[in-house]
Amino acid sequence: MKYLALIYSAAGTGPEYGTEEFGPFMAAYQTATKTFHDDGVWLAGDALQPVETATSVRIRDGKTELVDGPFAETKEQLGGFYMFECANLDEAIKYAKMIPTSKHGTIEVRPVMTFE
Amino acid sequence: MTMKAAPTEIHRAIDSVLRADRGRLLASLSASLQDFALAEDCLQEAITIALQKWGSTGVPEVPQAWLLSVARRRAIDNLRRSKVFTQKSRQLAMLQEEASDEQDRKHDIPDYRLRLIFTCCHPALNTSAQIALTLHTLGGLSTAEIARAFLVPTSTMAQRITRAKGKIKQAGIPFEIPDEPDRSARNQTVLKVIYFIYNEGYSVTQGQSQLRIDLCEEALFLARMMVDLSLDKAESMGLLALILFSHSRHRARLANGGGFTPLHLQDHTLWDVDMIAEGHALLEQALPLGQLGVYQLQGAIHGLHCAAPSAEQTDWSQIAALYTILMRMEPSKIVALNQAVAISFSGQTEAALNILKSIEGDLQEYQPFYAAKADILTRLGYSKRADKAYDVAIGLSKIDAERHFLLAQKKRLRNSRH
C-alpha cells in the first residue's frame, strides 16, 4: 500500500537555521531518507517552502480565485512529505517515526486511495 | 448430517455457535483473507445460507466447520470477481488449500483470535472504536446489546463499528501480532480495552445492573482468552486476577436492593470464594515472572482487600506501599487519591490530607474525591470541613444509591457531633 506521510510543525518549535541544533537535525533527515531508500519503501519525498510562499487556488462560478497563503491558517503547518510503499499501517508508522520532525511536530499518515 | 430441523432449532444452533465461536471463525477467515471486513461479510453470508439450508438438511454435526467452509467458498467467489484479482492471488491460494481440506473439525480450526484482538485494539483506532469492535467481533453480544450497555442508540453503535471496520481496511491496519519492542505495549492496549469494558460494567447505575453484569462477564471471557493466548503472560494474568477479585464482590456490592454498598460495609459471605482463590493463584504465577506491571499491582491491591477477614483487618500499609509503586509506574490523580485513602487507613492521616490538597485542583468535578476527603476529615475529627465535603460529594453524585449512602454518612457525622 502507498502511504503519504505529511510533516506538520508549528513555526519556531524545531531547530532553526543558524543554530547549533540545525546541523544534526538536517543530518537526521539525510539518515532517515537513506534508510527509506535502503529499505525500498521510498517513493517520493520533499521539503516545502514556508507557508508564506503558498497560493491557494479555487474556481467558483467559473471564476478563478487566488488567495495569498495556505488553505487553512493553523499553528501547525505542512512543511514536507514522504510517500512510502509499505505492507501495512504498522510498517508505515515505523517509518513515520523515523522522520526527525516527529520529535517536535506531528506526522500525519494517510493511506493513498486505490480505486478497485 | 441429521434430519430436518425446525426454524427455532436452527436459530438456536446458530446463536450458540456464534456465542461460543464467532471470534474464532472470524479470526480464522481474517487470517486467510487478510481482510477483516470481507471476512465479516462472508461469515454473514454463510449464516444466511445456513438459515436456508439447515431446514432441509438438518443442523450439521459440526456447525462451526460447516459455516467456516461455506464462508471460505463465498470468499473465493468474491476474490475471483474482484478487479484486483492478481493482487489477491496469495489469499486465494491459501483459501483454496484450506477449502480442499474437508477434515475441518471444530478443534482443528486454528486459533487466530489473538491477532484479531490486536487488530481490534490497534492504537490507530480511538478507544470507543476499539471497545465496540472487540465486543462485536470477539464477544457474544449483539450490536443492539452493546449499544444498550453503553447507553447509545443502536444506530450510533452500528455506525461506530462500521467506521472502525472501514478504517482497518482502508488504512491497512494489519491482521498480525506485532513484533517486539511494540508487542508488549500493544498487549497493554488490549488489556486496557478489556479493563475499560469491565469498568463500564462495574459502574452500575440503577435499573441497568443486568446488562452491565453482561459486560463484566464479557471482560472476564476476554481476559481469560488473553491469559490463554497472549505472549505477555504476566500482565494478562494480572488483569484477569484484578477482574476476578473485583467481580467476586459484585453480589455484595449490589446486595442493597440493586444499590451500591461500599467495600468496607459489604457482607463478606456474599463474596465469591472461587473467584478470589483463582485470582490469588494467578498472581502467584504472575509475580515470579519478574515483569511487574500496573495490572499485577492493581490485582495485588484488590487481592489484599479480598484476603482481609473483615474491613478492619485490611492490610492497609501493604496496600499503601503498592499504591506508591503504582504511582511511580503510572502516576495519575486517581491513583494519588487511592494512595491517600490507603495511607489514611494505615494511620498517617495528615500525610493523606497533604496528598488530597495537592490534587484537589484537578478533581473538582470528581465525586469520589470529595467522598474520600469527607471520610478522612471525619476520622481526623474535622467535622465542619467534613460536613462541607459531604455536601460537595452529594451534589456531584449521579447514582441514587451512592447519594443515599453519602447522606447517611453525613447524618451519622451530625449525630456524633451532638
# chains A, B, ... in the order shown; residues from 1 in each chain; ligands from 1
>>> interface_residues(of="chain A", to="chain B", cutoff="9 Å", atoms="only C-alpha atoms", output="PyMOL selection string")
chain A and resi 1+3+87-90+109-113+116
>>> write_last_selection(atoms="N, CA, C and O atoms", output="mmCIF file, in the first residue's frame")
data_model
loop_
_atom_site.group_PDB
_atom_site.id
_atom_site.type_symbol
_atom_site.label_atom_id
_atom_site.label_comp_id
_atom_site.auth_asym_id
_atom_site.auth_seq_id
_atom_site.Cartn_x
_atom_site.Cartn_y
_atom_site.Cartn_z
ATOM 1 N N MET A 1 0.835 -1.201 0.000
ATOM 2 C CA MET A 1 0.000 0.000 0.000
ATOM 3 C C MET A 1 0.868 1.248 0.000
ATOM 4 O O MET A 1 1.960 1.240 0.538
ATOM 5 N N TYR A 3 1.474 5.038 1.266
ATOM 6 C CA TYR A 3 1.119 5.915 2.382
ATOM 7 C C TYR A 3 1.794 7.260 2.195
ATOM 8 O O TYR A 3 2.983 7.328 1.868
ATOM 9 N N ALA A 87 3.839 -2.472 3.547
ATOM 10 C CA ALA A 87 2.921 -3.622 3.581
ATOM 11 C C ALA A 87 1.634 -3.278 4.321
ATOM 12 O O ALA A 87 0.561 -3.724 3.960
ATOM 13 N N ASN A 88 1.760 -2.481 5.365
ATOM 14 C CA ASN A 88 0.585 -2.159 6.170
ATOM 15 C C ASN A 88 0.851 -0.925 7.019
ATOM 16 O O ASN A 88 1.942 -0.359 6.980
ATOM 17 N N LEU A 89 -0.165 -0.535 7.783
ATOM 18 C CA LEU A 89 -0.064 0.683 8.584
ATOM 19 C C LEU A 89 1.066 0.608 9.606
ATOM 20 O O LEU A 89 1.758 1.601 9.838
ATOM 21 N N ASP A 90 1.265 -0.553 10.218
ATOM 22 C CA ASP A 90 2.323 -0.668 11.221
ATOM 23 C C ASP A 90 3.680 -0.336 10.626
ATOM 24 O O ASP A 90 4.511 0.326 11.259
ATOM 25 N N VAL A 109 -0.193 10.222 8.903
ATOM 26 C CA VAL A 109 -0.009 9.120 7.951
ATOM 27 C C VAL A 109 -1.354 8.829 7.286
ATOM 28 O O VAL A 109 -2.325 8.529 7.965
ATOM 29 N N ARG A 110 -1.387 8.959 5.973
ATOM 30 C CA ARG A 110 -2.649 8.725 5.260
ATOM 31 C C ARG A 110 -2.432 7.712 4.149
ATOM 32 O O ARG A 110 -1.529 7.874 3.328
ATOM 33 N N PRO A 111 -3.280 6.664 4.123
ATOM 34 C CA PRO A 111 -3.173 5.713 3.015
ATOM 35 C C PRO A 111 -3.639 6.373 1.720
ATOM 36 O O PRO A 111 -4.557 7.190 1.740
ATOM 37 N N VAL A 112 -2.999 6.020 0.631
ATOM 38 C CA VAL A 112 -3.401 6.537 -0.671
ATOM 39 C C VAL A 112 -4.559 5.675 -1.173
ATOM 40 O O VAL A 112 -4.533 4.454 -1.041
ATOM 41 N N MET A 113 -5.569 6.318 -1.707
ATOM 42 C CA MET A 113 -6.755 5.583 -2.165
ATOM 43 C C MET A 113 -6.434 4.763 -3.411
ATOM 44 O O MET A 113 -5.775 5.245 -4.324
ATOM 45 N N GLU A 116 -10.695 0.290 -6.913
ATOM 46 C CA GLU A 116 -10.806 -1.107 -7.352
ATOM 47 C C GLU A 116 -11.833 -1.234 -8.457
ATOM 48 O O GLU A 116 -12.813 -0.529 -8.459
#
>>> residues_around(residues="stretch 390-398 of chain B", least_positions_apart="3", cutoff="8 Å", atoms="only C-alpha atoms", output="MDAnalysis selection string")
chainID B and resid 365:371 374 386:387 402:403 406:407 410
>>> write_last_selection(atoms="C-alpha atoms", output="PDB file, in the first residue's frame")
ATOM      1  CA  GLU B 365     -15.798  17.534  39.498  1.00  0.00           C
ATOM      2  CA  TYR B 366     -14.856  14.096  40.809  1.00  0.00           C
ATOM      3  CA  GLN B 367     -17.345  12.795  43.347  1.00  0.00           C
ATOM      4  CA  PRO B 368     -15.088  10.050  44.838  1.00  0.00           C
ATOM      5  CA  PHE B 369     -12.524  12.716  45.724  1.00  0.00           C
ATOM      6  CA  TYR B 370     -14.965  14.582  47.967  1.00  0.00           C
ATOM      7  CA  ALA B 371     -16.380  11.359  49.409  1.00  0.00           C
ATOM      8  CA  ALA B 374     -15.104  13.848  53.809  1.00  0.00           C
ATOM      9  CA  ALA B 386     -16.057  17.021  56.617  1.00  0.00           C
ATOM     10  CA  ASP B 387     -19.655  18.198  56.521  1.00  0.00           C
ATOM     11  CA  GLU B 402     -24.398   6.344  46.272  1.00  0.00           C
ATOM     12  CA  ARG B 403     -26.160   9.578  47.235  1.00  0.00           C
ATOM     13  CA  LEU B 406     -23.337   9.737  51.465  1.00  0.00           C
ATOM     14  CA  LEU B 407     -26.425  11.310  53.063  1.00  0.00           C
ATOM     15  CA  LYS B 410     -23.340  12.896  56.741  1.00  0.00           C
TER      16      LYS B 410
END
>>> atom_distance(atom1="atom CA of B:Ala46", atom2="atom CA of B:Val70")
5.6 Å
>>> select_by_dssp(residues="chain A", states="strand (DSSP E)", output="ChimeraX atom specification")
/A:2-10,42-47,55-60,63-68,76-85,106-111
>>> residues_around(residues="A:Met83", least_positions_apart="4", cutoff="10 Å", atoms="only C-alpha atoms", output="PyMOL selection string")
chain A and resi 2-6+36+41-46+92+109-112
>>> write_last_selection(atoms="N, CA and C atoms", output="PDB file, in the first residue's frame")
ATOM      1  N   LYS A   2       0.317   2.306  -0.605  1.00  0.00           N
ATOM      2  CA  LYS A   2       1.034   3.583  -0.582  1.00  0.00           C
ATOM      3  C   LYS A   2       0.529   4.429   0.585  1.00  0.00           C
ATOM      4  N   TYR A   3       1.474   5.038   1.266  1.00  0.00           N
ATOM      5  CA  TYR A   3       1.119   5.915   2.382  1.00  0.00           C
ATOM      6  C   TYR A   3       1.794   7.260   2.195  1.00  0.00           C
ATOM      7  N   LEU A   4       1.035   8.321   2.427  1.00  0.00           N
ATOM      8  CA  LEU A   4       1.616   9.661   2.416  1.00  0.00           C
ATOM      9  C   LEU A   4       1.850  10.077   3.866  1.00  0.00           C
ATOM     10  N   ALA A   5       3.089  10.448   4.149  1.00  0.00           N
ATOM     11  CA  ALA A   5       3.403  10.945   5.487  1.00  0.00           C
ATOM     12  C   ALA A   5       3.542  12.456   5.395  1.00  0.00           C
ATOM     13  N   LEU A   6       2.586  13.167   5.997  1.00  0.00           N
ATOM     14  CA  LEU A   6       2.568  14.631   5.937  1.00  0.00           C
ATOM     15  C   LEU A   6       3.236  15.178   7.192  1.00  0.00           C
ATOM     16  N   PHE A  36      15.002   4.999   4.190  1.00  0.00           N
ATOM     17  CA  PHE A  36      13.797   4.772   3.371  1.00  0.00           C
ATOM     18  C   PHE A  36      14.182   4.179   2.011  1.00  0.00           C
ATOM     19  N   VAL A  41      11.291   1.474   0.648  1.00  0.00           N
ATOM     20  CA  VAL A  41       9.937   1.982   0.870  1.00  0.00           C
ATOM     21  C   VAL A  41       9.738   3.388   0.281  1.00  0.00           C
ATOM     22  N   TRP A  42      10.846   4.044  -0.102  1.00  0.00           N
ATOM     23  CA  TRP A  42      10.762   5.438  -0.568  1.00  0.00           C
ATOM     24  C   TRP A  42      10.139   5.513  -1.953  1.00  0.00           C
ATOM     25  N   LEU A  43       9.085   6.300  -2.101  1.00  0.00           N
ATOM     26  CA  LEU A  43       8.512   6.557  -3.430  1.00  0.00           C
ATOM     27  C   LEU A  43       8.745   8.007  -3.816  1.00  0.00           C
ATOM     28  N   ALA A  44       8.616   8.905  -2.844  1.00  0.00           N
ATOM     29  CA  ALA A  44       8.831  10.322  -3.096  1.00  0.00           C
ATOM     30  C   ALA A  44       9.013  11.020  -1.760  1.00  0.00           C
ATOM     31  N   GLY A  45       9.499  12.228  -1.799  1.00  0.00           N
ATOM     32  CA  GLY A  45       9.649  12.973  -0.562  1.00  0.00           C
ATOM     33  C   GLY A  45      10.345  14.287  -0.824  1.00  0.00           C
ATOM     34  N   ASP A  46       9.867  15.349  -0.196  1.00  0.00           N
ATOM     35  CA  ASP A  46      10.495  16.653  -0.345  1.00  0.00           C
ATOM     36  C   ASP A  46      10.089  17.568   0.794  1.00  0.00           C
ATOM     37  N   ALA A  92       4.198   1.537   7.942  1.00  0.00           N
ATOM     38  CA  ALA A  92       4.197   2.969   7.629  1.00  0.00           C
ATOM     39  C   ALA A  92       4.478   3.795   8.889  1.00  0.00           C
ATOM     40  N   VAL A 109      -0.193  10.222   8.903  1.00  0.00           N
ATOM     41  CA  VAL A 109      -0.009   9.120   7.951  1.00  0.00           C
ATOM     42  C   VAL A 109      -1.354   8.829   7.286  1.00  0.00           C
ATOM     43  N   ARG A 110      -1.387   8.959   5.973  1.00  0.00           N
ATOM     44  CA  ARG A 110      -2.649   8.725   5.260  1.00  0.00           C
ATOM     45  C   ARG A 110      -2.432   7.712   4.149  1.00  0.00           C
ATOM     46  N   PRO A 111      -3.280   6.664   4.123  1.00  0.00           N
ATOM     47  CA  PRO A 111      -3.173   5.713   3.015  1.00  0.00           C
ATOM     48  C   PRO A 111      -3.639   6.373   1.720  1.00  0.00           C
ATOM     49  N   VAL A 112      -2.999   6.020   0.631  1.00  0.00           N
ATOM     50  CA  VAL A 112      -3.401   6.537  -0.671  1.00  0.00           C
ATOM     51  C   VAL A 112      -4.559   5.675  -1.173  1.00  0.00           C
TER      52      VAL A 112
END
